[in-house]
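Visitor: Compact mmCIF, C-alpha atoms, saved as start_10.txt, coming up:
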# COMPACT_ATOMS: atom_id res chain seq x y z
CA MET A 1 130.75 9.85 -26.16
CA GLY A 2 128.64 9.83 -29.30
CA GLY A 3 127.46 13.09 -30.76
CA ALA A 4 126.44 14.65 -27.47
CA GLY A 5 129.70 16.55 -27.15
CA ARG A 6 130.96 16.51 -23.58
CA GLU A 7 134.12 18.60 -23.61
CA GLY A 8 133.71 22.14 -22.37
CA GLU A 9 129.97 21.74 -22.01
CA ILE A 10 127.57 21.39 -19.13
CA GLY A 11 124.68 19.49 -20.61
CA HIS A 12 121.46 18.59 -18.83
CA THR A 13 121.97 20.05 -15.33
CA LEU A 14 120.01 18.79 -12.36
CA GLY A 15 116.46 20.10 -12.63
CA SER A 16 117.20 21.95 -15.88
CA GLY A 17 114.79 22.27 -18.76
CA ALA A 18 111.07 22.54 -18.84
CA GLY A 19 110.64 18.88 -18.17
CA GLY A 20 113.33 18.61 -15.52
CA SER A 21 115.56 16.55 -17.78
CA PRO A 22 118.61 14.96 -16.23
CA GLY A 23 122.02 16.31 -16.96
CA PRO A 24 125.77 16.22 -16.49
CA VAL A 25 127.44 18.62 -14.11
CA PRO A 26 131.08 18.70 -13.03
CA SER A 27 131.51 16.79 -9.79
CA PRO A 28 134.51 16.67 -7.47
CA GLY A 29 136.38 13.39 -7.51
CA VAL A 30 136.78 11.44 -4.31
CA ASN A 31 140.52 11.94 -4.27
CA GLY A 32 140.48 15.64 -5.00
CA GLY A 33 140.31 15.31 -8.80
CA THR A 34 137.43 16.40 -10.99
CA GLU A 35 135.02 14.14 -12.84
CA THR A 36 131.94 14.92 -14.89
CA MET A 37 128.80 13.94 -13.03
CA ALA A 38 125.79 12.80 -15.09
CA LEU A 39 123.06 13.77 -12.65
CA GLN A 40 119.61 12.40 -13.36
CA THR A 41 116.49 14.01 -11.98
CA ALA A 42 114.44 10.80 -11.88
CA GLN A 43 113.66 10.15 -8.23
CA PRO A 44 113.37 6.91 -6.25
CA PRO A 45 110.06 6.22 -4.54
CA LEU A 46 109.51 7.52 -1.02
CA GLY A 47 110.84 5.15 1.57
CA SER A 48 113.68 3.94 -0.64
CA ARG A 49 116.57 2.60 1.35
CA TRP A 50 119.04 4.90 -0.42
CA THR A 51 117.15 8.17 0.06
CA SER A 52 119.54 9.50 2.70
CA THR A 53 122.62 8.73 0.66
CA ARG A 54 121.20 10.43 -2.41
CA GLY A 55 120.45 13.40 -0.19
CA SER A 56 124.08 13.41 0.87
CA LEU A 57 125.17 13.43 -2.75
CA LEU A 58 122.96 16.40 -3.53
CA LEU A 59 124.16 18.24 -0.44
CA LEU A 60 127.73 17.60 -1.50
CA LEU A 61 127.07 19.13 -4.93
CA LEU A 62 125.27 22.03 -3.31
CA SER A 63 128.19 22.72 -1.01
CA LEU A 64 130.57 22.98 -3.94
CA GLY A 65 128.30 25.36 -5.81
CA TRP A 66 127.54 23.01 -8.71
CA VAL A 67 123.78 23.07 -8.11
CA LEU A 68 121.63 26.01 -7.02
CA PRO A 69 119.48 25.36 -3.92
CA SER A 70 116.30 26.24 -5.80
CA ARG A 71 117.00 23.59 -8.46
CA ALA A 72 118.06 20.99 -5.96
CA GLN A 73 114.95 21.56 -3.88
CA ALA A 74 112.71 21.21 -6.93
CA ALA A 75 114.48 18.01 -8.03
CA ASP A 76 114.54 16.52 -4.53
CA SER A 77 111.07 17.55 -3.40
CA ARG A 78 109.90 13.96 -3.09
CA LEU A 79 112.82 12.85 -0.98
CA GLY A 80 112.01 15.03 2.02
CA VAL A 81 115.70 14.95 2.97
CA MET A 82 116.94 18.43 2.19
CA THR A 83 113.89 20.63 2.76
CA PRO A 84 114.68 21.56 6.39
CA TRP A 85 118.31 22.26 5.51
CA LEU A 86 117.41 24.31 2.44
CA GLN A 87 114.97 26.47 4.37
CA GLY A 88 117.76 27.75 6.57
CA THR A 89 120.42 28.01 3.87
CA SER A 90 121.13 30.94 1.58
CA ARG A 91 122.76 30.76 -1.85
CA ASP A 92 126.06 31.63 -0.24
CA LEU A 93 126.91 28.17 1.03
CA THR A 94 129.77 28.03 3.56
CA TRP A 95 130.22 24.43 4.61
CA GLN A 96 133.20 23.18 6.50
CA TRP A 97 135.34 20.70 4.53
CA PRO A 98 135.73 18.33 7.50
CA GLU A 99 131.96 17.77 7.53
CA LEU A 100 132.02 16.89 3.83
CA THR A 101 134.90 14.52 4.38
CA VAL A 102 132.94 12.73 7.09
CA ILE A 103 129.93 12.25 4.81
CA LEU A 104 132.04 11.09 1.88
CA SER A 105 134.33 8.80 3.82
CA ARG A 106 131.40 7.19 5.64
CA ASP A 107 129.65 6.39 2.37
CA ARG A 108 132.85 4.97 0.89
CA ARG A 109 133.58 2.95 4.00
CA ASP A 110 130.10 1.43 3.96
CA THR A 111 130.41 0.43 0.30
CA GLN A 112 131.51 -3.16 -0.06
CA ARG A 113 133.41 -4.09 -3.19
CA GLN A 114 131.57 -7.25 -4.17
CA LYS A 115 129.57 -8.43 -7.14
CA ALA A 116 126.64 -6.08 -7.55
CA HIS A 117 123.13 -7.52 -7.55
CA VAL A 118 121.34 -4.20 -7.85
CA VAL A 119 122.07 -0.86 -9.48
CA ASP A 120 121.98 1.77 -6.73
CA GLU A 121 123.85 4.81 -5.46
CA ASN A 122 126.55 2.69 -3.80
CA LEU A 123 128.04 2.03 -7.24
CA VAL A 124 128.83 5.73 -7.61
CA PHE A 125 131.79 5.21 -5.23
CA TYR A 126 133.26 2.30 -7.19
CA GLU A 127 136.41 2.92 -9.16
CA GLU A 128 136.19 2.12 -12.86
CA TRP A 129 138.16 -1.11 -12.50
CA GLU A 130 135.85 -2.15 -9.67
CA LEU A 131 132.80 -1.59 -11.86
CA GLU A 132 134.43 -3.70 -14.54
CA ALA A 133 134.82 -6.53 -12.05
CA CYS A 134 131.59 -6.23 -10.08
CA VAL A 135 128.88 -5.22 -12.57
CA ASP A 136 127.81 -7.39 -15.48
CA GLY A 137 125.90 -6.44 -18.62
CA ALA A 138 122.87 -8.57 -17.78
CA LEU A 139 122.31 -6.57 -14.58
CA LEU A 140 122.58 -3.29 -16.48
CA GLU A 141 120.10 -4.48 -19.09
CA ALA A 142 117.61 -5.63 -16.46
CA GLN A 143 117.92 -2.41 -14.42
CA MET A 144 118.48 0.23 -17.08
CA ASP A 145 115.81 2.39 -15.45
CA ARG A 146 117.94 2.50 -12.27
CA VAL A 147 121.04 3.40 -14.28
CA ASN A 148 119.21 6.54 -15.37
CA MET A 149 118.26 7.41 -11.78
CA VAL A 150 121.72 7.32 -10.20
CA PRO A 151 124.21 10.21 -10.72
CA PHE A 152 126.97 8.19 -12.36
CA THR A 153 129.95 9.98 -13.88
CA TYR A 154 130.52 9.85 -17.60
CA GLN A 155 133.55 7.67 -16.95
CA GLN A 156 131.38 5.17 -15.09
CA LEU A 157 128.75 5.26 -17.83
CA ASP A 158 131.53 4.46 -20.30
CA VAL A 159 132.24 1.30 -18.31
CA PHE A 160 128.56 0.33 -18.45
CA LYS A 161 128.45 0.94 -22.19
CA ARG A 162 131.47 -1.28 -22.77
CA LYS A 163 129.75 -4.00 -20.76
CA LEU A 164 126.72 -3.81 -23.03
CA ASP A 165 128.56 -3.26 -26.32
CA GLN A 166 131.54 -5.56 -26.10
CA VAL A 167 130.33 -8.32 -23.83
CA LEU A 168 126.57 -8.60 -24.08
CA TYR A 169 125.59 -7.25 -27.50
CA PRO A 170 128.58 -6.68 -29.83
CA GLN A 171 126.27 -6.91 -32.86
CA GLY A 172 123.89 -4.22 -31.63
CA TYR A 173 121.23 -3.86 -28.94
CA PRO A 174 117.93 -5.75 -29.17
CA GLU A 175 114.79 -3.66 -29.22
CA SER A 176 113.82 -4.95 -25.78
CA LEU A 177 116.81 -3.01 -24.40
CA ILE A 178 116.50 -0.03 -26.74
CA GLN A 179 112.98 0.59 -25.45
CA HIS A 180 114.35 1.21 -21.93
CA LEU A 181 117.51 3.18 -22.71
CA GLY A 182 116.07 6.51 -21.61
CA TYR A 183 118.84 9.04 -21.03
CA PHE A 184 121.48 6.37 -21.59
CA PHE A 185 120.68 6.99 -25.28
CA PHE A 186 122.97 10.04 -25.02
CA GLU A 187 125.90 7.66 -24.52
CA ILE A 188 125.24 5.83 -27.80
CA THR A 189 127.08 6.80 -30.99
CA PRO A 190 125.43 7.02 -34.43
CA GLU A 191 127.65 4.11 -35.50
CA ASP A 192 126.18 2.00 -32.69
CA ILE A 193 122.64 2.94 -33.66
CA HIS A 194 123.12 1.83 -37.26
CA LYS A 195 123.57 -1.71 -35.91
CA TRP A 196 120.10 -1.71 -34.38
CA ASN A 197 116.90 -3.17 -35.76
CA VAL A 198 114.16 -0.83 -34.61
CA THR A 199 110.67 -1.84 -35.69
CA SER A 200 108.43 -0.11 -33.14
CA LEU A 201 107.31 3.48 -33.60
CA GLU A 202 106.79 3.67 -29.83
CA THR A 203 110.50 2.97 -29.35
CA VAL A 204 111.33 5.86 -31.66
CA LYS A 205 108.91 8.16 -29.86
CA SER A 206 110.31 7.33 -26.43
CA LEU A 207 113.87 8.14 -27.50
CA LEU A 208 112.79 11.34 -29.24
CA LYS A 209 111.05 12.39 -26.03
CA VAL A 210 114.19 12.14 -23.89
CA SER A 211 116.35 13.66 -26.65
CA LYS A 212 114.32 16.83 -27.08
CA GLY A 213 116.31 19.89 -26.10
CA HIS A 214 119.67 18.09 -26.09
CA LYS A 215 122.46 18.14 -28.66
CA VAL A 216 121.96 14.63 -30.01
CA ASP A 217 120.90 15.45 -33.57
CA ALA A 218 123.33 12.93 -35.05
CA GLN A 219 121.92 10.13 -32.89
CA VAL A 220 118.36 11.12 -33.77
CA ALA A 221 119.16 11.10 -37.50
CA ALA A 222 120.73 7.64 -37.15
CA LEU A 223 117.70 6.40 -35.23
CA ILE A 224 115.28 7.60 -37.92
CA ALA A 225 117.47 6.12 -40.66
CA CYS A 226 117.54 2.79 -38.84
CA TYR A 227 113.77 2.75 -38.36
CA VAL A 228 112.92 3.79 -41.93
CA ALA A 229 115.44 1.36 -43.43
CA GLY A 230 113.57 -1.45 -41.70
CA GLY A 231 110.32 -0.42 -43.38
CA GLY A 232 109.00 1.71 -40.53
CA GLN A 233 106.54 4.51 -41.22
CA LEU A 234 106.52 7.80 -39.33
CA ASP A 235 103.17 9.32 -38.43
CA LYS A 236 102.48 13.05 -38.49
CA ALA A 237 102.87 13.37 -34.71
CA THR A 238 106.40 11.96 -34.91
CA LEU A 239 107.27 14.19 -37.87
CA ASP A 240 106.09 17.16 -35.82
CA VAL A 241 108.43 16.15 -32.99
CA LEU A 242 111.28 15.73 -35.49
CA ALA A 243 110.72 19.32 -36.57
CA THR A 244 112.30 20.39 -33.26
CA PHE A 245 115.61 18.72 -34.20
CA SER A 246 118.21 19.68 -36.78
CA PRO A 247 116.92 18.31 -40.15
CA THR A 248 119.89 16.04 -40.79
CA TYR A 249 117.34 13.22 -41.15
CA LEU A 250 115.52 14.65 -44.21
CA CYS A 251 117.13 12.47 -46.86
CA VAL A 252 116.21 9.21 -45.09
CA LEU A 253 112.50 9.99 -45.33
CA SER A 254 110.39 8.70 -48.19
CA PRO A 255 108.78 11.16 -50.63
CA GLU A 256 105.43 10.41 -48.97
CA GLN A 257 106.80 11.26 -45.52
CA LEU A 258 108.50 14.38 -46.83
CA GLY A 259 105.09 15.57 -47.97
CA SER A 260 104.15 16.01 -44.29
CA VAL A 261 107.28 17.92 -43.33
CA GLN A 262 106.54 21.33 -41.85
CA HIS A 263 107.62 24.54 -43.55
CA SER A 264 109.63 25.39 -40.42
CA VAL A 265 111.93 22.47 -41.28
CA ILE A 266 112.37 23.80 -44.81
CA TRP A 267 113.48 27.15 -43.40
CA VAL A 268 116.25 25.73 -41.20
CA ALA A 269 117.57 22.99 -43.51
CA ARG A 270 121.12 23.55 -44.75
CA ALA A 271 122.66 22.52 -48.06
CA GLN A 272 124.57 19.68 -46.38
CA ASP A 273 121.30 18.32 -44.96
CA LEU A 274 120.10 17.78 -48.54
CA ASP A 275 123.28 16.37 -50.08
CA ALA A 276 122.10 12.75 -49.88
CA CYS A 277 118.58 13.41 -51.17
CA ARG A 278 117.59 11.61 -54.38
CA PRO A 279 115.64 13.19 -57.26
CA PRO A 280 112.25 11.81 -56.09
CA GLN A 281 112.83 13.42 -52.70
CA MET A 282 113.90 16.76 -54.21
CA ASP A 283 110.79 16.66 -56.40
CA VAL A 284 108.79 16.89 -53.16
CA LEU A 285 111.03 19.29 -51.27
CA TYR A 286 111.39 21.91 -54.02
CA PRO A 287 107.67 22.79 -54.29
CA LYS A 288 107.46 22.94 -50.49
CA ALA A 289 110.45 25.30 -50.42
CA ARG A 290 108.99 27.46 -53.18
CA THR A 291 105.79 27.81 -51.16
CA ALA A 292 107.68 28.47 -47.92
CA PHE A 293 109.75 31.27 -49.48
CA GLN A 294 107.08 32.74 -51.75
CA ASN A 295 107.03 36.07 -49.91
CA LEU A 296 110.74 36.62 -50.48
CA SER A 297 112.22 38.15 -53.59
CA GLY A 298 115.49 38.82 -55.35
CA SER A 299 118.73 37.57 -53.87
CA GLU A 300 117.05 36.69 -50.55
CA TYR A 301 114.70 34.27 -52.31
CA PHE A 302 117.51 32.76 -54.36
CA GLU A 303 119.72 32.11 -51.33
CA ARG A 304 116.84 30.32 -49.59
CA ILE A 305 115.71 28.27 -52.58
CA LYS A 306 119.23 27.36 -53.76
CA PRO A 307 119.65 24.13 -51.71
CA TYR A 308 116.35 22.84 -53.14
CA LEU A 309 116.99 23.58 -56.84
CA GLY A 310 117.73 19.92 -57.47
CA GLY A 311 113.98 19.58 -57.80
CA ALA A 312 113.45 22.59 -60.10
CA ARG A 313 111.91 22.23 -63.55
CA THR A 314 113.00 23.93 -66.77
CA GLU A 315 110.39 26.67 -66.42
CA ASP A 316 111.65 27.43 -62.90
CA LEU A 317 115.21 27.81 -64.17
CA ARG A 318 114.06 30.05 -67.00
CA ALA A 319 112.28 32.27 -64.49
CA LEU A 320 115.43 32.48 -62.37
CA SER A 321 117.53 33.37 -65.43
CA GLN A 322 115.52 36.58 -65.73
CA GLN A 323 116.28 37.64 -62.14
CA ASN A 324 120.05 38.22 -62.33
CA VAL A 325 120.79 35.56 -59.69
CA SER A 326 124.36 34.58 -60.74
CA MET A 327 124.07 30.90 -59.84
CA ASP A 328 127.39 29.29 -58.89
CA THR A 329 128.57 26.27 -60.86
CA ALA A 330 128.39 24.01 -57.79
CA THR A 331 124.64 24.64 -57.64
CA PHE A 332 124.33 24.30 -61.41
CA LYS A 333 125.80 20.81 -61.15
CA THR A 334 123.03 19.76 -58.76
CA LEU A 335 120.28 20.61 -61.26
CA GLN A 336 118.41 17.78 -62.90
CA ARG A 337 119.78 16.94 -66.32
CA GLU A 338 116.31 16.90 -67.88
CA ALA A 339 115.68 20.43 -66.59
CA VAL A 340 118.96 21.83 -67.96
CA LEU A 341 119.01 20.34 -71.48
CA PRO A 342 116.21 22.52 -72.96
CA LEU A 343 117.85 25.78 -71.80
CA THR A 344 119.34 27.98 -74.50
CA VAL A 345 122.84 29.41 -74.38
CA ALA A 346 121.41 32.86 -73.59
CA GLU A 347 119.32 31.46 -70.72
CA VAL A 348 122.30 29.68 -69.17
CA GLN A 349 124.40 32.82 -69.59
CA ASN A 350 121.79 34.87 -67.71
CA LEU A 351 121.36 32.16 -65.07
CA LEU A 352 125.07 31.94 -64.21
CA GLY A 353 125.86 35.61 -64.71
CA ALA A 354 129.26 36.42 -63.22
CA ASN A 355 129.91 32.70 -62.65
CA LEU A 356 129.59 31.74 -66.33
CA ALA A 357 133.33 31.04 -66.69
CA GLY A 358 132.90 28.04 -64.38
CA LEU A 359 131.29 26.12 -67.24
CA LYS A 360 134.72 25.57 -68.81
CA ALA A 361 135.95 23.45 -65.89
CA GLU A 362 132.72 21.41 -65.94
CA GLN A 363 132.41 20.84 -69.69
CA GLY A 364 133.32 17.18 -69.30
CA ASN A 365 130.78 16.52 -66.53
CA SER A 366 127.01 16.13 -66.51
CA PRO A 367 124.82 18.09 -66.89
CA VAL A 368 127.14 20.64 -68.54
CA ARG A 369 128.52 18.08 -71.00
CA ASP A 370 125.07 16.95 -72.09
CA TRP A 371 123.87 20.54 -72.42
CA ILE A 372 126.83 21.48 -74.64
CA LEU A 373 126.02 18.61 -77.02
CA ARG A 374 122.57 20.16 -77.55
CA GLN A 375 123.82 23.67 -78.49
CA ARG A 376 125.05 25.13 -81.77
CA GLN A 377 128.80 25.54 -81.71
CA ASP A 378 128.59 29.10 -83.00
CA ASP A 379 126.31 30.00 -80.06
CA LEU A 380 128.82 28.47 -77.64
CA ASP A 381 131.64 30.37 -79.33
CA ARG A 382 129.91 33.66 -78.53
CA LEU A 383 130.44 32.95 -74.83
CA GLY A 384 134.20 33.21 -75.35
CA LEU A 385 134.92 30.31 -73.00
CA GLY A 386 136.39 27.88 -75.51
CA LEU A 387 133.63 25.33 -75.04
CA ARG A 388 133.78 22.50 -77.58
CA GLY A 389 131.43 19.69 -78.51
CA GLY A 390 128.43 21.61 -79.80
CA ILE A 391 126.66 21.01 -83.10
CA PRO A 392 129.06 22.12 -85.87
CA ASN A 393 128.17 25.18 -87.90
CA GLY A 394 126.28 24.36 -91.08
CA TYR A 395 124.83 21.09 -89.75
CA LEU A 396 121.09 20.56 -89.62
CA VAL A 397 119.82 20.81 -86.03
CA MET A 398 117.37 18.01 -85.28
CA ASP A 399 115.77 16.65 -82.14
CA LEU A 400 117.81 13.53 -81.46
CA SER A 401 115.58 12.30 -78.69
CA PHE A 402 114.40 9.51 -80.99
CA ARG A 403 117.68 7.73 -80.22
CA GLU A 404 116.42 6.97 -76.76
CA ALA A 405 113.25 5.44 -78.17
CA LEU A 406 115.31 3.32 -80.54
CA SER A 407 117.86 2.21 -77.95
CA GLY A 408 116.55 -1.35 -78.08
CA GLY A 409 119.55 -2.61 -80.06
CA ALA A 410 118.25 -4.62 -83.00
CA ARG A 411 115.62 -2.01 -83.81
CA LEU A 412 118.41 0.37 -84.84
CA LEU A 413 119.18 -1.90 -87.77
CA ARG A 414 115.69 -1.80 -89.22
CA PRO A 415 114.59 1.18 -91.30
CA GLY A 416 111.67 3.07 -89.84
CA PRO A 417 109.73 6.29 -90.42
CA VAL A 418 112.48 8.52 -89.03
CA PHE A 419 115.17 6.83 -91.10
CA THR A 420 113.02 7.09 -94.24
CA ALA A 421 112.34 10.78 -93.65
CA ILE A 422 116.05 11.56 -93.18
CA LEU A 423 116.99 9.62 -96.34
CA ALA A 424 114.37 11.47 -98.38
CA LEU A 425 115.61 14.81 -97.04
CA LEU A 426 119.21 14.04 -97.95
CA LEU A 427 118.27 12.92 -101.46
CA GLY A 428 116.38 16.15 -101.97
CA LEU A 429 119.53 18.13 -101.17
CA ILE A 430 121.62 16.41 -103.90
CA PRO A 431 122.07 18.75 -106.91
CA LYS A 432 120.40 17.47 -110.12
As structure tokens, how would this structure be written, given the file I've shared?
Guide:
Amino acid sequence: MGGAGREGEIGHTLGSGAGGSPGPVPSPGVNGGTETMALQTAQPPLGSRWTSTRGSLLLLLLSLGWVLPSRAQAADSRLGVMTPWLQGTSRDLTWQWPELTVILSRDRRDTQRQKAHVVDENLVFYEEWELEACVDGALLEAQMDRVNMVPFTYQQLDVFKRKLDQVLYPQGYPESLIQHLGYFFFEITPEDIHKWNVTSLETVKSLLKVSKGHKVDAQVAALIACYVAGGGQLDKATLDVLATFSPTYLCVLSPEQLGSVQHSVIWVARAQDLDACRPPQMDVLYPKARTAFQNLSGSEYFERIKPYLGGARTEDLRALSQQNVSMDTATFKTLQREAVLPLTVAEVQNLLGANLAGLKAEQGNSPVRDWILRQRQDDLDRLGLGLRGGIPNGYLVMDLSFREALSGGARLLRPGPVFTAILALLLGLIPK
């Protein structure tokens, strides 16, 4: 489900992590098969009527070697069910299968297949089709906290998700439910999250808290995108928490928010994390990257700064051209047009180095095309690449930027100072 990645992976094991986060562990199926058990470490209050059954479940997992006694004891310390047993049990557990069968069969026999009015451990023994028939989405929404406390299998959680997605909220969850998702957030796909309307920063913080340390970077990026798209603002504390996740969310942040991004994020960001960033965002990220990597030099500096060069200025590119960096044409294409146009042919030649020949394939695309139009053709010819479109030899080279100022249509038809100066120049060149 989602981006969590279940296959071949044991995720949040019982009692694992610094905060005792819940987690999936393989669990034996009732009929001898194998299912993936999503064990949660959240505990019911003392005196709960299902304490003994939960203890049986943990003992069952212990007996099969899926949970270490030390972890189970830490997770179940408030139950008071297993402590005496654990004290006399070593790590080498040798239970008799008939005893396990008695425990399991008794719990299954006591479970009545009727419409559920509460989410508890009895539902663990329901087949998927029975959950479809006996559990409705409204109950799941009202008791989402209990869903996170019971060790349901991933297959059973899939049933619950279908109940919520297809029956109750096909257009996306309301924020009243999102606020209480807890670890069920791991079951949600990024596509699902993009349907949400998240307006509360506290909702974002609660989901980031349960996601920390788990492989749900895609869901986190979708959550941030959803929140920011609705006009939400992230405070510095939230940005600091985001720094612990893969920075796939960078390009959904505003330039103002990017200004608070830590340098540690700049160090771990990959080129693909910046692909969707717009020029105003790169204008913020590039100076931060230059500061972060200022103690590096040579090729090491260039490899680090390369994904951020979309925010570089002309003077930065000129400095790089003197360092023998051999920029690839793919990176050259990401440079801002305004930064490339003032570069001379010699500067571009030094900047690209061994990759200079790549200009030929890009001569019809910006910014290469626009740069060629600014160069003398004889200078381009010296490159030996067959580039065409430069200023013909013998023509007067002038700054044509005035065309942009005169792009107002009708104004082009009226003579002005520039037109008068050109006409006077041409008349002066006519032989007398």
Visitor: Using all atoms listed in the file, pick whichever of A:Leu157, A:Val147, A:Ala221, A:Ile391 has the shortest atom-to-atom distance to Leu131 in chain A.
Guide: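 Looking at the shortest contact to Leu131 in chain A, the residue is A:Leu157.
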Visitor: Counting all atoms listed in the file, write as a CSV table (one decimal) with C-alpha atoms, keeping the file's coordinate frame all protein and nucleic acid residues lying at most 12 Å from (127.0, 25.9, -53.8) in the file's frame.
Guide:
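Written output follows (selection-v5.csv):
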chain,number,residue,atom,x,y,z
A,270,ARG,CA,121.1,23.6,-44.8
A,271,ALA,CA,122.7,22.5,-48.1
A,272,GLN,CA,124.6,19.7,-46.4
A,274,LEU,CA,120.1,17.8,-48.5
A,275,ASP,CA,123.3,16.4,-50.1
A,302,PHE,CA,117.5,32.8,-54.4
A,303,GLU,CA,119.7,32.1,-51.3
A,304,ARG,CA,116.8,30.3,-49.6
A,305,ILE,CA,115.7,28.3,-52.6
A,306,LYS,CA,119.2,27.4,-53.8
A,307,PRO,CA,119.6,24.1,-51.7
A,308,TYR,CA,116.4,22.8,-53.1
A,309,LEU,CA,117.0,23.6,-56.8
A,310,GLY,CA,117.7,19.9,-57.5
A,326,SER,CA,124.4,34.6,-60.7
A,327,MET,CA,124.1,30.9,-59.8
A,328,ASP,CA,127.4,29.3,-58.9
A,329,THR,CA,128.6,26.3,-60.9
A,330,ALA,CA,128.4,24.0,-57.8
A,331,THR,CA,124.6,24.6,-57.6
A,332,PHE,CA,124.3,24.3,-61.4
A,333,LYS,CA,125.8,20.8,-61.2
A,334,THR,CA,123.0,19.8,-58.8
A,335,LEU,CA,120.3,20.6,-61.3
A,355,ASN,CA,129.9,32.7,-62.6
Visitor: When you draw a straight line from CA of Thr199 in chain A to CA of Leu234 in chain A, how long is it in Å?
Guide: 11.1 Å
Visitor: Tell me, as a PyMOL selection string, which residues lie within 12 Å of Tyr173 in chain A, counting all atoms listed in the file; anything in the same chain fewer than 4 positions away does not count.
Guide: chain A and resi 137+141+161+163-169+177-181+185+188+192-198
Visitor: For Tyr286 in chain A, work out the shell of residues within 7 Å, counting all atoms listed in the file and skipping chain neighbours fewer than 2 positions away, then give it as a list in words.
Guide: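 What passes the distance filter is Met282, Asp283, Val284, Lys288, Ala289, Arg290, Tyr308, Leu309, Gly311 and Ala312 of chain A.
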Visitor: Could you give me, as CSV, a per-residue list for range 227-250 of chain A showing, wherever an atom lies at most 9 Å from an atom of range 200-206 of chain A, the closest pair of atoms and their distance in Å to one decimal, using all atoms listed in the file and sorting by chain then residue number from low to high?
Guide:
residue,atom,partner,partner_atom,distance
A:Tyr227,CA,A:Val204,CA,7.8
A:Gly232,CA,A:Leu201,CA,7.3
A:Gln233,CA,A:Leu201,CA,7.7
A:Leu234,CA,A:Leu201,CA,7.2
A:Asp235,CA,A:Leu201,CA,8.6
A:Thr238,CA,A:Lys205,CA,6.8
A:Val241,CA,A:Lys205,CA,8.6
